[in-house]
>>> print(open('run_0.txt').read())   # compact mmCIF, C-alpha atoms and all ligand atoms
# COMPACT_ATOMS: atom_id res chain seq x y z
CA MET K 1 0.18 15.84 8.80
CA SER K 2 -1.35 14.23 11.92
CA SER K 3 -4.81 15.53 11.05
CA GLN K 4 -4.39 14.25 7.48
CA LEU K 5 -3.52 10.80 8.87
CA LEU K 6 -6.65 10.79 11.06
CA LYS K 7 -8.77 11.90 8.11
CA ALA K 8 -7.31 9.13 5.92
CA ALA K 9 -8.04 6.54 8.65
CA LYS K 10 -11.69 7.66 8.78
CA LYS K 11 -12.00 7.48 4.97
CA LEU K 12 -10.52 3.95 4.89
CA THR K 13 -12.83 2.77 7.70
CA LYS K 14 -15.90 4.22 5.95
CA LYS K 15 -14.99 2.30 2.80
CA GLY K 16 -14.66 -0.97 4.75
CA PHE K 17 -10.90 -1.18 4.20
CA LEU K 18 -10.11 -1.24 7.97
CA VAL K 19 -12.21 -3.70 9.94
CA GLY K 20 -11.91 -3.71 13.77
CA ILE K 21 -8.35 -2.83 14.72
CA ASP K 22 -6.97 -3.60 11.23
CA GLY K 23 -4.52 -1.48 9.30
CA ASN K 24 -1.87 1.09 10.07
CA LEU K 25 -0.83 4.48 8.75
CA SER K 26 2.34 6.54 9.06
CA PHE K 27 4.17 9.61 7.80
CA ARG K 28 7.73 10.94 7.81
CA LEU K 29 8.83 14.43 8.72
CA GLN K 30 12.32 15.83 8.42
CA LYS K 31 12.78 18.07 11.46
CA ASN K 32 16.30 19.11 10.55
CA LYS K 33 18.86 18.18 7.89
CA THR K 34 19.95 14.92 9.50
CA GLN K 35 16.97 13.63 11.49
CA ASP K 36 13.84 12.02 10.08
CA PHE K 37 10.94 11.44 12.45
CA LEU K 38 8.20 8.92 11.85
CA THR K 39 4.66 9.08 13.20
CA LEU K 40 2.73 5.81 13.32
CA THR K 41 -0.63 4.59 14.50
CA PRO K 42 -0.55 2.58 17.76
CA SER K 43 -1.34 -1.14 17.81
CA GLY K 44 -4.63 -2.64 18.98
CA VAL K 45 -6.94 0.33 18.44
CA GLU K 46 -9.65 1.24 15.92
CA LYS K 47 -7.98 3.68 13.58
CA ALA K 48 -11.11 5.80 12.97
CA LYS K 49 -11.33 6.58 16.72
CA LEU K 50 -7.75 7.82 17.05
CA LYS K 51 -6.85 11.24 18.41
CA LYS K 52 -3.66 13.15 17.60
CA THR K 53 -2.31 12.38 21.07
CA ASP K 54 -2.61 8.63 20.42
CA LEU K 55 -0.12 8.75 17.54
CA ILE K 56 3.42 7.56 18.21
CA GLU K 57 6.37 9.64 17.06
CA PHE K 58 9.96 8.45 17.04
CA GLN K 59 13.20 9.06 15.25
CA GLN K 60 13.65 6.90 12.16
CA PRO K 61 15.70 3.92 13.38
CA VAL K 62 18.58 2.32 11.53
CA ASN K 63 17.01 -1.14 11.49
CA THR K 64 13.46 -2.43 11.17
CA SER K 65 13.37 -4.17 14.56
CA ASP K 66 14.10 -1.03 16.56
CA TYR K 67 10.86 0.87 17.31
CA PRO K 68 8.58 1.67 20.29
CA ALA K 69 6.60 -1.35 21.51
CA SER K 70 3.33 0.62 21.49
CA ALA K 71 3.60 1.33 17.74
CA SER K 72 1.72 -0.82 15.25
CA SER K 73 2.80 -4.47 15.15
CA GLU K 74 3.22 -3.98 11.40
CA THR K 75 5.77 -1.17 11.87
CA PRO K 76 8.61 -3.23 10.26
CA MET K 77 6.82 -2.90 6.87
CA HIS K 78 6.62 0.87 7.25
CA LEU K 79 10.30 1.07 8.23
CA ALA K 80 11.23 -1.04 5.20
CA VAL K 81 9.50 1.50 2.94
CA TYR K 82 11.09 4.57 4.54
CA GLN K 83 14.54 2.98 4.42
CA ASN K 84 14.27 1.94 0.78
CA CYS K 85 12.28 4.84 -0.68
CA PRO K 86 13.71 8.31 -0.03
CA GLN K 87 10.65 9.84 -1.76
CA ALA K 88 8.16 8.12 0.58
CA GLN K 89 6.47 10.56 2.97
CA VAL K 90 3.43 8.43 3.76
CA VAL K 91 2.74 4.68 4.12
CA ILE K 92 -0.68 3.03 4.46
CA HIS K 93 -1.43 -0.63 5.10
CA ALA K 94 -5.11 -1.64 4.78
CA HIS K 95 -7.29 -4.68 4.06
CA PRO K 96 -9.55 -3.78 1.09
CA PRO K 97 -11.89 -6.81 0.77
CA GLN K 98 -11.91 -7.04 -3.04
CA VAL K 99 -8.11 -7.09 -3.11
CA VAL K 100 -7.96 -9.83 -0.47
CA ALA K 101 -10.61 -11.82 -2.38
CA TRP K 102 -8.66 -11.46 -5.64
CA SER K 103 -5.49 -12.57 -3.84
CA LEU K 104 -7.14 -15.71 -2.43
CA VAL K 105 -8.20 -16.94 -5.86
CA HIS K 106 -4.92 -15.96 -7.59
CA LEU K 107 -2.25 -17.06 -5.11
CA ASP K 108 -0.19 -18.40 -8.03
CA GLN K 109 0.15 -14.98 -9.71
CA ASP K 110 3.25 -12.84 -9.09
CA PHE K 111 1.60 -9.62 -10.28
CA LEU K 112 -1.89 -8.17 -10.64
CA PRO K 113 -2.51 -8.52 -14.41
CA ILE K 114 -1.89 -5.13 -16.00
CA ASN K 115 -2.92 -5.90 -19.58
CA TYR K 116 -6.71 -5.54 -19.29
CA LEU K 117 -7.32 -2.02 -17.98
CA SER K 118 -5.50 1.03 -19.35
CA GLU K 119 -6.26 2.97 -16.14
CA LEU K 120 -4.20 0.53 -14.08
CA ILE K 121 -1.17 0.93 -16.36
CA LEU K 122 -1.41 4.73 -16.25
CA ALA K 123 -2.30 5.13 -12.57
CA THR K 124 0.09 2.73 -10.82
CA GLY K 125 2.21 0.69 -13.24
CA PRO K 126 2.86 -2.99 -12.37
CA VAL K 127 1.56 -4.15 -8.98
CA PRO K 128 3.40 -7.10 -7.35
CA HIS K 129 1.50 -9.82 -5.47
CA VAL K 130 3.83 -10.39 -2.52
CA PRO K 131 3.88 -14.02 -1.28
CA PHE K 132 2.36 -14.54 2.17
CA GLU K 133 4.47 -13.98 5.27
CA LEU K 134 3.18 -13.65 8.83
CA PRO K 135 1.80 -10.16 9.52
CA GLY K 136 4.20 -8.04 11.54
CA SER K 137 7.17 -10.33 10.88
CA GLN K 138 10.67 -9.22 9.90
CA THR K 139 10.43 -11.73 7.05
CA LEU K 140 7.49 -9.80 5.60
CA ALA K 141 9.46 -6.53 5.87
CA GLN K 142 12.45 -8.16 4.16
CA ARG K 143 10.29 -9.58 1.39
CA ILE K 144 8.65 -6.21 0.76
CA SER K 145 12.09 -4.56 0.52
CA THR K 146 12.84 -6.61 -2.61
CA TYR K 147 10.07 -4.71 -4.48
CA LEU K 148 11.25 -1.27 -3.36
CA PRO K 149 11.68 1.51 -4.36
CA LYS K 150 10.34 0.48 -7.79
CA HIS K 151 6.73 -0.23 -6.76
CA GLN K 152 4.47 2.10 -4.79
CA CYS K 153 1.48 -0.27 -4.66
CA LEU K 154 1.89 -3.82 -3.33
CA ILE K 155 -0.71 -6.54 -2.77
CA LEU K 156 0.16 -8.74 0.23
CA ALA K 157 -1.13 -12.26 -0.42
CA ARG K 158 -4.06 -13.37 1.82
CA HIS K 159 -3.74 -10.09 3.67
CA GLY K 160 -4.18 -6.64 2.09
CA VAL K 161 -2.23 -3.80 0.53
CA LEU K 162 0.80 -1.65 1.27
CA VAL K 163 0.95 1.67 -0.56
CA TRP K 164 3.39 4.54 -0.19
CA GLY K 165 3.36 8.04 -1.60
CA LYS K 166 4.28 11.66 -1.17
CA SER K 167 0.93 12.44 0.47
CA PHE K 168 -2.04 10.66 2.05
CA GLU K 169 -4.13 11.62 -1.00
CA GLU K 170 -1.70 9.81 -3.31
CA ALA K 171 -1.60 6.66 -1.15
CA LEU K 172 -5.41 6.63 -0.83
CA ARG K 173 -5.73 6.89 -4.62
CA GLY K 174 -3.51 3.81 -4.91
CA ILE K 175 -5.65 1.80 -2.49
CA ASP K 176 -8.86 2.83 -4.27
CA ARG K 177 -7.31 1.86 -7.63
CA LEU K 178 -6.35 -1.60 -6.34
CA ASP K 179 -9.75 -2.26 -4.80
CA TYR K 180 -11.55 -1.06 -7.94
CA THR K 181 -9.33 -3.15 -10.26
CA CYS K 182 -9.61 -6.34 -8.19
CA GLY K 183 -13.40 -5.86 -7.98
CA VAL K 184 -13.66 -5.48 -11.77
CA TYR K 185 -11.44 -8.52 -12.38
CA LEU K 186 -13.44 -10.71 -9.99
CA GLN K 187 -16.74 -9.67 -11.56
CA ALA K 188 -15.45 -10.15 -15.10
CA GLU K 189 -13.99 -13.59 -14.22
CA SER K 190 -17.24 -14.65 -12.56
CA THR K 191 -19.02 -14.48 -15.93
CA GLY K 192 -16.91 -17.45 -17.09
CA ARG K 193 -16.18 -15.63 -20.38
CA LYS K 194 -12.62 -15.48 -21.73
CA LEU K 195 -11.11 -12.06 -21.03
CA GLU K 196 -9.34 -10.37 -23.94
CA PRO K 197 -6.16 -8.50 -23.02
CA LEU K 198 -5.10 -5.21 -24.66
CA ASN K 199 -2.97 -5.88 -27.75
CA SER K 200 0.80 -5.35 -27.82
CA ILE K 201 0.60 -2.03 -29.73
CA GLN K 202 -1.88 -0.62 -27.20
CA MET K 203 0.29 -1.90 -24.34
CA LYS K 204 3.39 -0.21 -25.81
CA GLU K 205 1.58 3.11 -26.23
CA LEU K 206 0.20 3.00 -22.70
CA GLN K 207 3.61 2.09 -21.32
CA LYS K 208 5.12 5.12 -23.09
CA ILE K 209 2.57 7.40 -21.44
CA ARG K 210 3.20 5.80 -18.06
CA ASN K 211 6.95 6.34 -18.48
CA LYS K 212 6.29 10.04 -19.16
CA ILE K 213 4.12 10.26 -16.04
CA GLY K 214 7.00 8.91 -13.97
CA GLN K 215 6.81 7.38 -10.49
CA GLN K 216 3.58 8.55 -8.92
CA ILE K 217 0.05 7.28 -8.35
CA LEU K 218 -2.63 9.03 -10.39
ZN ZN K 301 -2.60 -6.22 8.11
>>> encode(input="run_0.txt", output="structure tokens", more="lines below")
Ligand SMILES: [Zn+2]
Amino acid sequence: MSSQLLKAAKKLTKKGFLVGIDGNLSFRLQKNKTQDFLTLTPSGVEKAKLKKTDLIEFQQPVNTSDYPASASSETPMHLAVYQNCPQAQVVIHAHPPQVVAWSLVHLDQDFLPINYLSELILATGPVPHVPFELPGSQTLAQRISTYLPKHQCLILARHGVLVWGKSFEEALRGIDRLDYTCGVYLQAESTGRKLEPLNSIQMKELQKIRNKIGQQIL
């Protein structure tokens, strides 16, 4: 899993989703029946340059303020996911520029609109736009918890994304989907033309398919 984390960090950096020391990645491993161990990226380093020995492993704590000081400053968000989502094996937080741009011009929206692109409905389901809280704060972790375990893809206002999954591939697909969707929306809006949503029959059909797919990111 450590090598998959390092690979994912390189991919995200190459795409421009992790600038400077931005972002953080983690995974959970169950070493025996009662103990879950988390591995997180350290704070203050470029994620693409990490080595396996730089990663920080610790036993999953009971509360979100109890973690090694060298771990990412945004660890409370990761802990909130692992505590609320038993299926989560992987968490990624990144700053995809098109998502952050979309957030800045739509601060009043509670969700990324889902009724324009069928792929978004099928691939992720509804995506909440989480109101801004200071990065790394317990308040941000608490706010995120209110959307869990229902949502795997979250947009953090003025900030970036938080995506969890059963594998790094799944979480990366979610981040790509959000960046693609926000990019398309921004371009379409920039034309000044009125955007037509899918009609209610199409929405119902797509929702049925999504329900059959179940909770996962395609
Ligand atoms: Zn961040």
>>> residues_near_ligand(input="run_0.txt", ligand="ligand ZN 301 (chain K)", cutoff="7 Å", atoms="all atoms listed in the file", output="short mmCIF file (atom, residue, chain, number, x, y, z; two decimals) with C-alpha atoms, in the frame of the given file")
data_model
loop_
_atom_site.label_atom_id
_atom_site.label_comp_id
_atom_site.auth_asym_id
_atom_site.auth_seq_id
_atom_site.Cartn_x
_atom_site.Cartn_y
_atom_site.Cartn_z
CA ASP K 22 -6.97 -3.60 11.23
CA GLY K 23 -4.52 -1.48 9.30
CA HIS K 93 -1.43 -0.63 5.10
CA ALA K 94 -5.11 -1.64 4.78
CA HIS K 95 -7.29 -4.68 4.06
CA PRO K 135 1.80 -10.16 9.52
CA HIS K 159 -3.74 -10.09 3.67
CA GLY K 160 -4.18 -6.64 2.09
#
>>> closest_residue(input="run_0.txt", among="K:Arg28, K:Lys194, K:Ala48, K:Pro113", to="Pro61 (chain K)", atoms="all atoms listed in the file")
K:Arg28
>>> residues_around(input="run_0.txt", residues="Leu186 (chain K)", least_positions_apart="4", cutoff="10 Å", atoms="only C-alpha atoms", output="number ranges by chain")
K: 98-99, 101-102, 105, 181-182, 190-191
>>> atom_distance(input="run_0.txt", atom1="CA of Asn63 (chain K)", atom2="CA of Ala80 (chain K)")
8.5 Å
>>> closest_residue(input="run_0.txt", among="K:Leu172, K:Val90, K:Leu178, K:Val62", to="Thr13 (chain K)", atoms="only C-alpha atoms")
K:Leu172
>>> residues_near_point(input="run_0.txt", point="(-8.7, -2.7, -22.0)", cutoff="7 Å", atoms="all atoms listed in the file", output="count of residues only")
5
>>> residues_around(input="run_0.txt", residues="Ile56 (chain K)", least_positions_apart="4", cutoff="8 Å", atoms="only C-alpha atoms", output="list in words")
Thr39, Leu40, Thr41, Pro42, Ser70 and Ala71 of chain K
>>> write_last_selection(input="run_0.txt", atoms="C-alpha atoms", output="PDB file, in the frame of the given file")
ATOM      1  CA  THR K  39       4.660   9.080  13.200  1.00  0.00           C
ATOM      2  CA  LEU K  40       2.730   5.810  13.320  1.00  0.00           C
ATOM      3  CA  THR K  41      -0.630   4.590  14.500  1.00  0.00           C
ATOM      4  CA  PRO K  42      -0.550   2.580  17.760  1.00  0.00           C
ATOM      5  CA  SER K  70       3.330   0.620  21.490  1.00  0.00           C
ATOM      6  CA  ALA K  71       3.600   1.330  17.740  1.00  0.00           C
TER       7      ALA K  71
END
